[in-house]
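Please read the structure below before turning to the comments.
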Amino acid sequence: MSAPAANEKCSTLERSLISELNRFGLLEAIFGRRARRFAVGMSVPDGPLKFESKHPPQPLSAAERTILVLCGAGISGWNFGLPHTTTSPAGTGCNYPVRLVGRTYPSAAGIHASELLFTDDSGAYITQFRDLAPERLQELQSAADFDTLVERTARHIVKIGDARVTLPKQFPHIESHNFWTANQPGTTLFVPVVDLAQQTLDGLAILLGEQAVPYDAVHDRYCGNLEPFIRSGLLDDTRRVPLADFEQYLLATAVGEITAANYNIVLVLQAMGLGGWLYSGINPLSLLGAAAADGIPGFGFRCTTRADWSTPNPVGLDGLFEGFCPPYVADMRAAAAKLIERKFGAGGTYDPTTAGPYRDNARVKQAVARYQPQFVECLGEVADYIHATFGKFPATAPSMYARLYAQAQHIDTEFYDEHFGPGAYLATHAEHERKWHAH
């Protein structure tokens, strides 16, 4: 199975099945959702549920896979931003969101700093959704029907490897209860990844807008030379926020984001009649590439190291998904400048001449509050302090964050018929092979 070509069209059969997906009930998907781990080609080697499939592994088709990518992490139109915050000057608009693109899952403050990795028997892939040019966004947003959207989504998937990303079936790479089923031949493993450096940097700008003072409890000091900003009134020393607490908050937003993306995929599995489940039993650092020196390349992410760290820190996939942190920028002051340009520069989110969700797009975007020079200096000071002190950004979590995954596979109904009572799978699972793979 090869990657879908940019001009690949859905077959007549696939178009009819996509129309059928549109009619599948949300409540049926929610209440019919179960972890269905046993796929064709698998075996449970021993125990009371011992079973060996009589069928070979069966990969998802390109259309099946692209539908799941679209529903898990695709573009769905515009989002509507944050209408108001009292931290902005009166009469101006809220500047929290980094992007005004609607995705199929929510993102804290409209940051949307994530992409979706996936791997199967045909190779390894990454989406290129988060920074699509306005004209490319409009192509997706103007799709008149779901099958056209599926076709256009395939154009923004990049193949990054010709073989399945695999890990040794041993600790610490895969948890033992998943050896028999995780990322097996025929399956598709979906891995949402958040640029937590960018997420944290925008969260830091929001925090500073509250006049809060980021405080490094490890070294018992401010996160940088913040006295000038306290004296000027930009920051309020009675509002100290421990750095670790703040970063845990931003980490929680990333977890929520990737959980929602995965859950979308798992719900659509029910409608399509595919097996699979949402799980966490694969070491994300190994999966991204932190064990490359041991001959385990993973998805090939660049990782940084330091003598006093217990694990490497993934920072990005060169040229495709680069974090808002060194080595992709000179320092975190440069990362802050890059974020500001992404928001307010030419072609940026709040450029009045670029497309957007508002009826009076130019007026609304022009009125969004811009960062003042002293604020920009403060943002750069805190961010650079964190990276210089701890060697990475954020200080207490990976710069690129993955932890939860969705796996899709063709269910082996014979296993469930032998070991479980009625209701172990839905009608869509019973009918999937006949409907989706009729010859």
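Identifiers in the structure tokens: chain A, B, ... in order shown; residue index from 1 per chain; ligand index from 1 in order shown.
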
With the cut-off set at 12 Å and counting only C-alpha atoms, tabulate each residue of segment 231-298 of chain A with an atom at most that distance from an atom of segment 124-127 of chain A, showing the nearest atom pair and its distance in Å to one decimal, ordered by chain and increasing number, as a Markdown table.
| residue | atom | partner | partner_atom | distance |
| --- | --- | --- | --- | --- |
| A:Leu287 | CA | A:Ala124 | CA | 11.5 |
| A:Leu288 | CA | A:Ala124 | CA | 11.5 |
| A:Pro297 | CA | A:Ala124 | CA | 11.8 |
| A:Gly298 | CA | A:Ala124 | CA | 9.5 |

Export, as a JSON list (two decimals), in the first residue's frame, the selected residues with C-alpha atoms.
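Heads up, here's the output in result_15.json:
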[["chain", "number", "residue", "atom", "x", "y", "z"],
["A", 287, "LEU", "CA", 8.70, 6.39, 19.52],
["A", 288, "LEU", "CA", 9.81, 9.92, 18.62],
["A", 297, "PRO", "CA", 15.29, 5.65, 15.16],
["A", 298, "GLY", "CA", 11.56, 6.00, 15.86]]

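By only C-alpha atoms, and with residues fewer than 5 positions from Pro106 of chain A along its chain excluded, the set lying at most 10 Å from it is Ala73, Asn79, Ile111, His112, Thr253, Gly256, Glu257, Ile258, Ala260 and Ala261 of chain A.
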
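Atom CA of Leu379 of chain A is positioned 23.1 Å from atom CA of Pro314 of chain A.
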
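Among the candidate residues A:Pro89, A:Pro352, A:Gly275, A:Pro242, the one lying nearest to Asp412 of chain A is A:Gly275, with distances computed using only C-alpha atoms.
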
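The space separating atom CA of Gln58 of chain A from atom CA of Ala406 of chain A comes to 17.2 Å.
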
Residues of segment 242-297 of chain A at most 9 Å from segment 196-213 of chain A: nearest atom pair and distance in Å, only C-alpha atoms, as a Markdown table:
| residue | atom | partner | partner_atom | distance |
| --- | --- | --- | --- | --- |
| A:Pro242 | CA | A:Val213 | CA | 8.5 |
| A:Phe246 | CA | A:Leu204 | CA | 8.4 |
| A:Glu247 | CA | A:Thr200 | CA | 7.0 |
| A:Leu250 | CA | A:Thr200 | CA | 6.0 |
| A:Leu251 | CA | A:Leu196 | CA | 7.4 |
| A:Thr253 | CA | A:Gln199 | CA | 8.6 |
| A:Ala254 | CA | A:Leu196 | CA | 7.1 |

*asked:* Ranking A:Arg302, A:Arg403, A:Lys338, A:Arg221 by minimum distance to Val382 of chain A and counting only C-alpha atoms, which one comes first?
replied: A:Arg221

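Closest approach to Arg155 of chain A from the set A:Ala388, A:Leu21, A:Val69, A:Met332 is made by A:Val69, with distances taken over only C-alpha atoms.
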
*asked:* Residues within 7 Å of segment 90-100 of chain A, please, as a count of residues only. Count only C-alpha atoms; anything in the same chain fewer than 6 positions from it doesn't count.
replied: 18

*Go through A:Ile30, A:Leu234, A:Ala154, A:Ala408 one by one, measure the shortest atom-to-atom distance of each to Thr119 of chain A using only C-alpha atoms, and give the residue with the smallest value.*
A:Ala408

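Atom CA of Ile282 of chain A to atom CA of Leu243 of chain A spans 28.3 Å [interatomic distance, one decimal].
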
Where does DSSP see strand (DSSP E) in segment 4-227 of chain A, if you list the residues as a PDB file with N, CA and C atoms, in the first residue's frame?
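Saved result, states_35.pdb, follows:
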ATOM      1  N   SER A  43      -2.470 -13.046  17.641  1.00  0.00           N
ATOM      2  CA  SER A  43      -2.704 -14.224  18.469  1.00  0.00           C
ATOM      3  C   SER A  43      -2.512 -13.867  19.934  1.00  0.00           C
ATOM      4  N   VAL A  44      -3.338 -14.462  20.777  1.00  0.00           N
ATOM      5  CA  VAL A  44      -3.131 -14.450  22.225  1.00  0.00           C
ATOM      6  C   VAL A  44      -2.462 -15.777  22.546  1.00  0.00           C
ATOM      7  N   PHE A  51      -6.007 -17.589  21.604  1.00  0.00           N
ATOM      8  CA  PHE A  51      -6.649 -17.628  20.286  1.00  0.00           C
ATOM      9  C   PHE A  51      -5.620 -17.232  19.240  1.00  0.00           C
ATOM     10  N   GLU A  52      -5.656 -17.888  18.097  1.00  0.00           N
ATOM     11  CA  GLU A  52      -4.801 -17.518  16.975  1.00  0.00           C
ATOM     12  C   GLU A  52      -5.674 -17.239  15.762  1.00  0.00           C
ATOM     13  N   ILE A  75      -8.581  19.836   9.341  1.00  0.00           N
ATOM     14  CA  ILE A  75      -9.093  21.212   9.303  1.00  0.00           C
ATOM     15  C   ILE A  75     -10.604  21.158   9.124  1.00  0.00           C
ATOM     16  N   SER A  76     -11.330  21.928   9.924  1.00  0.00           N
ATOM     17  CA  SER A  76     -12.794  21.879   9.846  1.00  0.00           C
ATOM     18  C   SER A  76     -13.422  23.256   9.653  1.00  0.00           C
ATOM     19  N   GLY A  77     -12.633  24.244   9.265  1.00  0.00           N
ATOM     20  CA  GLY A  77     -13.154  25.603   9.080  1.00  0.00           C
ATOM     21  C   GLY A  77     -12.382  26.582   9.949  1.00  0.00           C
ATOM     22  N   TRP A  78     -13.026  27.651  10.337  1.00  0.00           N
ATOM     23  CA  TRP A  78     -12.418  28.643  11.224  1.00  0.00           C
ATOM     24  C   TRP A  78     -12.806  28.368  12.666  1.00  0.00           C
ATOM     25  N   VAL A 101      -7.634  28.836  12.881  1.00  0.00           N
ATOM     26  CA  VAL A 101      -8.075  27.706  12.080  1.00  0.00           C
ATOM     27  C   VAL A 101      -8.827  26.727  12.966  1.00  0.00           C
ATOM     28  N   GLY A 102     -10.004  26.300  12.520  1.00  0.00           N
ATOM     29  CA  GLY A 102     -10.760  25.296  13.257  1.00  0.00           C
ATOM     30  C   GLY A 102     -10.240  23.908  12.959  1.00  0.00           C
ATOM     31  N   ARG A 103      -9.969  23.148  13.990  1.00  0.00           N
ATOM     32  CA  ARG A 103      -9.564  21.755  13.833  1.00  0.00           C
ATOM     33  C   ARG A 103     -10.678  20.865  14.373  1.00  0.00           C
ATOM     34  N   SER A 114      -0.065  21.514  17.171  1.00  0.00           N
ATOM     35  CA  SER A 114       0.158  20.074  17.036  1.00  0.00           C
ATOM     36  C   SER A 114       0.093  19.604  15.589  1.00  0.00           C
ATOM     37  N   GLU A 115       0.656  18.431  15.369  1.00  0.00           N
ATOM     38  CA  GLU A 115       0.505  17.682  14.124  1.00  0.00           C
ATOM     39  C   GLU A 115       0.247  16.221  14.493  1.00  0.00           C
ATOM     40  N   LEU A 116      -0.108  15.423  13.488  1.00  0.00           N
ATOM     41  CA  LEU A 116      -0.400  14.010  13.705  1.00  0.00           C
ATOM     42  C   LEU A 116       0.609  13.155  12.945  1.00  0.00           C
ATOM     43  N   LEU A 117       1.309  12.305  13.678  1.00  0.00           N
ATOM     44  CA  LEU A 117       2.158  11.279  13.089  1.00  0.00           C
ATOM     45  C   LEU A 117       1.350   9.993  12.970  1.00  0.00           C
ATOM     46  N   PHE A 118       1.671   9.187  11.979  1.00  0.00           N
ATOM     47  CA  PHE A 118       1.103   7.840  11.959  1.00  0.00           C
ATOM     48  C   PHE A 118       2.009   6.916  11.162  1.00  0.00           C
ATOM     49  N   THR A 119       1.871   5.636  11.446  1.00  0.00           N
ATOM     50  CA  THR A 119       2.715   4.642  10.783  1.00  0.00           C
ATOM     51  C   THR A 119       1.920   3.363  10.558  1.00  0.00           C
ATOM     52  N   ASP A 120       2.229   2.707   9.448  1.00  0.00           N
ATOM     53  CA  ASP A 120       1.635   1.409   9.134  1.00  0.00           C
ATOM     54  C   ASP A 120       2.617   0.630   8.269  1.00  0.00           C
ATOM     55  N   GLY A 123       4.763   2.674   5.711  1.00  0.00           N
ATOM     56  CA  GLY A 123       5.744   3.688   6.067  1.00  0.00           C
ATOM     57  C   GLY A 123       5.325   4.538   7.247  1.00  0.00           C
ATOM     58  N   ALA A 124       5.939   5.715   7.332  1.00  0.00           N
ATOM     59  CA  ALA A 124       5.677   6.670   8.406  1.00  0.00           C
ATOM     60  C   ALA A 124       5.307   8.012   7.782  1.00  0.00           C
ATOM     61  N   TYR A 125       4.399   8.741   8.443  1.00  0.00           N
ATOM     62  CA  TYR A 125       3.822   9.948   7.862  1.00  0.00           C
ATOM     63  C   TYR A 125       3.638  11.022   8.926  1.00  0.00           C
ATOM     64  N   ILE A 126       3.537  12.276   8.445  1.00  0.00           N
ATOM     65  CA  ILE A 126       3.178  13.393   9.317  1.00  0.00           C
ATOM     66  C   ILE A 126       2.255  14.328   8.552  1.00  0.00           C
ATOM     67  N   THR A 127       1.251  14.858   9.255  1.00  0.00           N
ATOM     68  CA  THR A 127       0.381  15.861   8.639  1.00  0.00           C
ATOM     69  C   THR A 127       1.095  17.205   8.613  1.00  0.00           C
ATOM     70  N   ILE A 157      -0.436  15.406   3.725  1.00  0.00           N
ATOM     71  CA  ILE A 157       0.197  14.327   4.475  1.00  0.00           C
ATOM     72  C   ILE A 157       1.532  14.029   3.803  1.00  0.00           C
ATOM     73  N   VAL A 158       2.609  14.077   4.560  1.00  0.00           N
ATOM     74  CA  VAL A 158       3.958  13.884   4.016  1.00  0.00           C
ATOM     75  C   VAL A 158       4.511  12.549   4.502  1.00  0.00           C
ATOM     76  N   LYS A 159       5.018  11.776   3.569  1.00  0.00           N
ATOM     77  CA  LYS A 159       5.653  10.507   3.923  1.00  0.00           C
ATOM     78  C   LYS A 159       7.081  10.788   4.370  1.00  0.00           C
ATOM     79  N   ILE A 160       7.450  10.264   5.555  1.00  0.00           N
ATOM     80  CA  ILE A 160       8.788  10.535   6.091  1.00  0.00           C
ATOM     81  C   ILE A 160       9.622   9.267   6.233  1.00  0.00           C
ATOM     82  N   GLY A 161       9.055   8.122   5.889  1.00  0.00           N
ATOM     83  CA  GLY A 161       9.805   6.873   5.957  1.00  0.00           C
ATOM     84  C   GLY A 161       9.090   5.793   5.183  1.00  0.00           C
ATOM     85  N   THR A 188      -2.631   0.445  12.054  1.00  0.00           N
ATOM     86  CA  THR A 188      -2.175   1.825  11.858  1.00  0.00           C
ATOM     87  C   THR A 188      -2.127   2.490  13.219  1.00  0.00           C
ATOM     88  N   LEU A 189      -0.965   3.023  13.560  1.00  0.00           N
ATOM     89  CA  LEU A 189      -0.768   3.694  14.846  1.00  0.00           C
ATOM     90  C   LEU A 189      -0.761   5.197  14.628  1.00  0.00           C
ATOM     91  N   PHE A 190      -1.632   5.907  15.337  1.00  0.00           N
ATOM     92  CA  PHE A 190      -1.748   7.362  15.241  1.00  0.00           C
ATOM     93  C   PHE A 190      -1.136   7.995  16.485  1.00  0.00           C
ATOM     94  N   VAL A 191      -0.285   9.007  16.267  1.00  0.00           N
ATOM     95  CA  VAL A 191       0.474   9.616  17.356  1.00  0.00           C
ATOM     96  C   VAL A 191       0.347  11.139  17.276  1.00  0.00           C
ATOM     97  N   PRO A 192      -0.628  11.742  17.957  1.00  0.00           N
ATOM     98  CA  PRO A 192      -0.677  13.209  18.004  1.00  0.00           C
ATOM     99  C   PRO A 192       0.509  13.753  18.809  1.00  0.00           C
ATOM    100  N   VAL A 193       1.135  14.806  18.292  1.00  0.00           N
ATOM    101  CA  VAL A 193       2.294  15.413  18.955  1.00  0.00           C
ATOM    102  C   VAL A 193       2.058  16.916  19.067  1.00  0.00           C
ATOM    103  N   VAL A 194       2.287  17.451  20.254  1.00  0.00           N
ATOM    104  CA  VAL A 194       2.124  18.889  20.495  1.00  0.00           C
ATOM    105  C   VAL A 194       3.493  19.539  20.634  1.00  0.00           C
ATOM    106  N   ASP A 195       3.687  20.646  19.928  1.00  0.00           N
ATOM    107  CA  ASP A 195       4.869  21.483  20.132  1.00  0.00           C
ATOM    108  C   ASP A 195       4.655  22.204  21.462  1.00  0.00           C
ATOM    109  N   VAL A 213       4.099  36.874  38.105  1.00  0.00           N
ATOM    110  CA  VAL A 213       5.552  36.798  38.156  1.00  0.00           C
ATOM    111  C   VAL A 213       5.969  35.332  38.193  1.00  0.00           C
ATOM    112  N   PRO A 214       6.500  34.786  37.098  1.00  0.00           N
ATOM    113  CA  PRO A 214       6.972  33.401  37.113  1.00  0.00           C
ATOM    114  C   PRO A 214       8.152  33.254  38.073  1.00  0.00           C
ATOM    115  N   TYR A 215       8.061  32.253  38.960  1.00  0.00           N
ATOM    116  CA  TYR A 215       9.056  32.107  40.021  1.00  0.00           C
ATOM    117  C   TYR A 215       9.682  30.723  39.974  1.00  0.00           C
ATOM    118  N   ASP A 216      11.009  30.698  39.982  1.00  0.00           N
ATOM    119  CA  ASP A 216      11.778  29.458  39.938  1.00  0.00           C
ATOM    120  C   ASP A 216      12.012  28.988  41.376  1.00  0.00           C
ATOM    121  N   ARG A 221      14.230  32.093  43.079  1.00  0.00           N
ATOM    122  CA  ARG A 221      14.427  33.408  42.467  1.00  0.00           C
ATOM    123  C   ARG A 221      13.412  33.593  41.336  1.00  0.00           C
ATOM    124  N   TYR A 222      13.297  34.836  40.892  1.00  0.00           N
ATOM    125  CA  TYR A 222      12.465  35.116  39.724  1.00  0.00           C
ATOM    126  C   TYR A 222      13.016  34.387  38.494  1.00  0.00           C
TER     127      TYR A 222
END

*Which one is closest to Asp121 of chain A: A:Gln372, A:Asn183, A:Ser286, A:Thr104? Count only C-alpha atoms.*
A:Asn183

*Using DSSP on the backbone coordinates, identify all residues within segment 67-245 of chain A classified as helix (DSSP H, G or I); present the result as JSON, numbers by chain.*
{"A": [67, 68, 69, 70, 71, 72, 73, 108, 109, 110, 134, 135, 136, 137, 138, 139, 140, 141, 146, 147, 148, 149, 150, 151, 152, 153, 154, 155, 156, 176, 177, 178, 196, 197, 198, 199, 200, 201, 202, 203, 204, 205, 206, 207, 208, 209, 227, 228, 229, 230, 231, 232, 243, 244, 245]}
